[in-house]
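Trainee: Dumping the structure here so I can ask a few things about it.
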Amino acid sequence: MPAKIFDKLGDLKQALTRDYNTINMQLFDVGVVTLKIEFLEEKIFILAIHKRLVSLQRLSQQAAFVSDMADYYLIQAFKEDFHDILVRKYGFDIDFIFKDYDSASERSATIILLKEPVQTYLAQPTA
């Protein structure tokens, strides 16, 4: 049964924003520049602008393939950490998480597909 810890979608967005940013801080020692979260039925869309680490920028110039591999594994680590929080803290029943990152534009897109609509996870007002 989903945890019902939020009354409004706005509260849920704020909490997801904090947790998304916390994971970025843990992995990269820097938060996101901007973050936008939207809900549509059982989908959560997250669009973010990141600040690429100088070391990864330099690695991209010297060995693009190695930089691409680093990006891939960092994305996998992020997805694992985010999945754990979404299940443990929010009680989400997740079908999958898809995340991609474009290093040239420093933008990422994350799609979380839940097994139930997002509204299912909101507390229902009592009569």
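Ligands are numbered from 1 in the order shown, chains are lettered A, B, ... in the order of the structure tokens, and residues start at 1 in each chain.
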With the cut-off set at 9 Å and counting only C-alpha atoms, tabulate each residue of stretch 100-121 of chain A with an atom at most that distance from an atom of stretch 78-96 of chain A, showing the nearest atom pair and its distance in Å to one decimal, ordered by chain and increasing number, as a tab-separated table.
Mentor:
residue	atom	partner	partner_atom	distance
A:Ile111	CA	A:Phe96	CA	8.2
A:Ile112	CA	A:Phe96	CA	6.0
A:Leu113	CA	A:Asp95	CA	5.4
A:Leu114	CA	A:Ile94	CA	4.4
A:Lys115	CA	A:Asp93	CA	5.7
A:Glu116	CA	A:Asp93	CA	7.3
A:Val118	CA	A:Phe92	CA	8.7
A:Tyr121	CA	A:Phe92	CA	7.5
Trainee: Just want the 9 Å neighbourhood of A:Val30, counted on only C-alpha atoms, with same-chain residues fewer than 2 positions away dropped. Output as number ranges by chain.
Mentor: A: 21-22, 24-28, 32, 50-51, 53
Trainee: Compile the contact shell of A:Ser103 as a list in words: residues with an atom at most 10 Å away, counting only C-alpha atoms, same-chain residues fewer than 4 positions apart removed.
Mentor: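 Listing them by chain and then by number gives His50, Lys51, Arg52, Leu56, Gln57, Ser60, Ser67, Asp68, Asp71, Arg107 and Ser108 of chain A.
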Trainee: For each of A:Leu16, A:Ile23, A:Ile37, A:Ile49, take the minimum atom-to-atom distance to A:Glu106, counting only C-alpha atoms, then give the residue where this is smallest.
Mentor: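 Looking at the shortest contact to A:Glu106, the residue is A:Ile49.
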Trainee: I'd like the interatomic distance between atom CA of A:Arg58 and atom CA of A:Tyr101, to a tenth of an Å.
Mentor: 17.0 Å
Trainee: Name the closest residue to A:Ile46 among the candidates A:Thr34, A:Phe98, A:Gly10, A:Ala109; distances are taken between atoms, counting only C-alpha atoms.
Mentor: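 So, comparing all the options, the nearest one is A:Ala109.
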Trainee: At what distance in Å, to one decimal, does atom CA of A:Ile97 lie from atom CA of A:Ile5?
Mentor: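 It comes out at 21.5 Å.
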Trainee: Using only C-alpha atoms, can you tell me which of A:Ala104, A:Phe6, A:Leu40, A:Leu12 comes closest to A:Ala64?
Mentor: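 Answer, going by the shortest atom-to-atom distance: A:Ala104.
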Trainee: With distances taken over only C-alpha atoms, which residue among A:Asp29, A:Asp7, A:Leu35, A:Thr17 lies nearest A:Leu47?
Mentor: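 Closest residue, counting only C-alpha atoms: A:Leu35.
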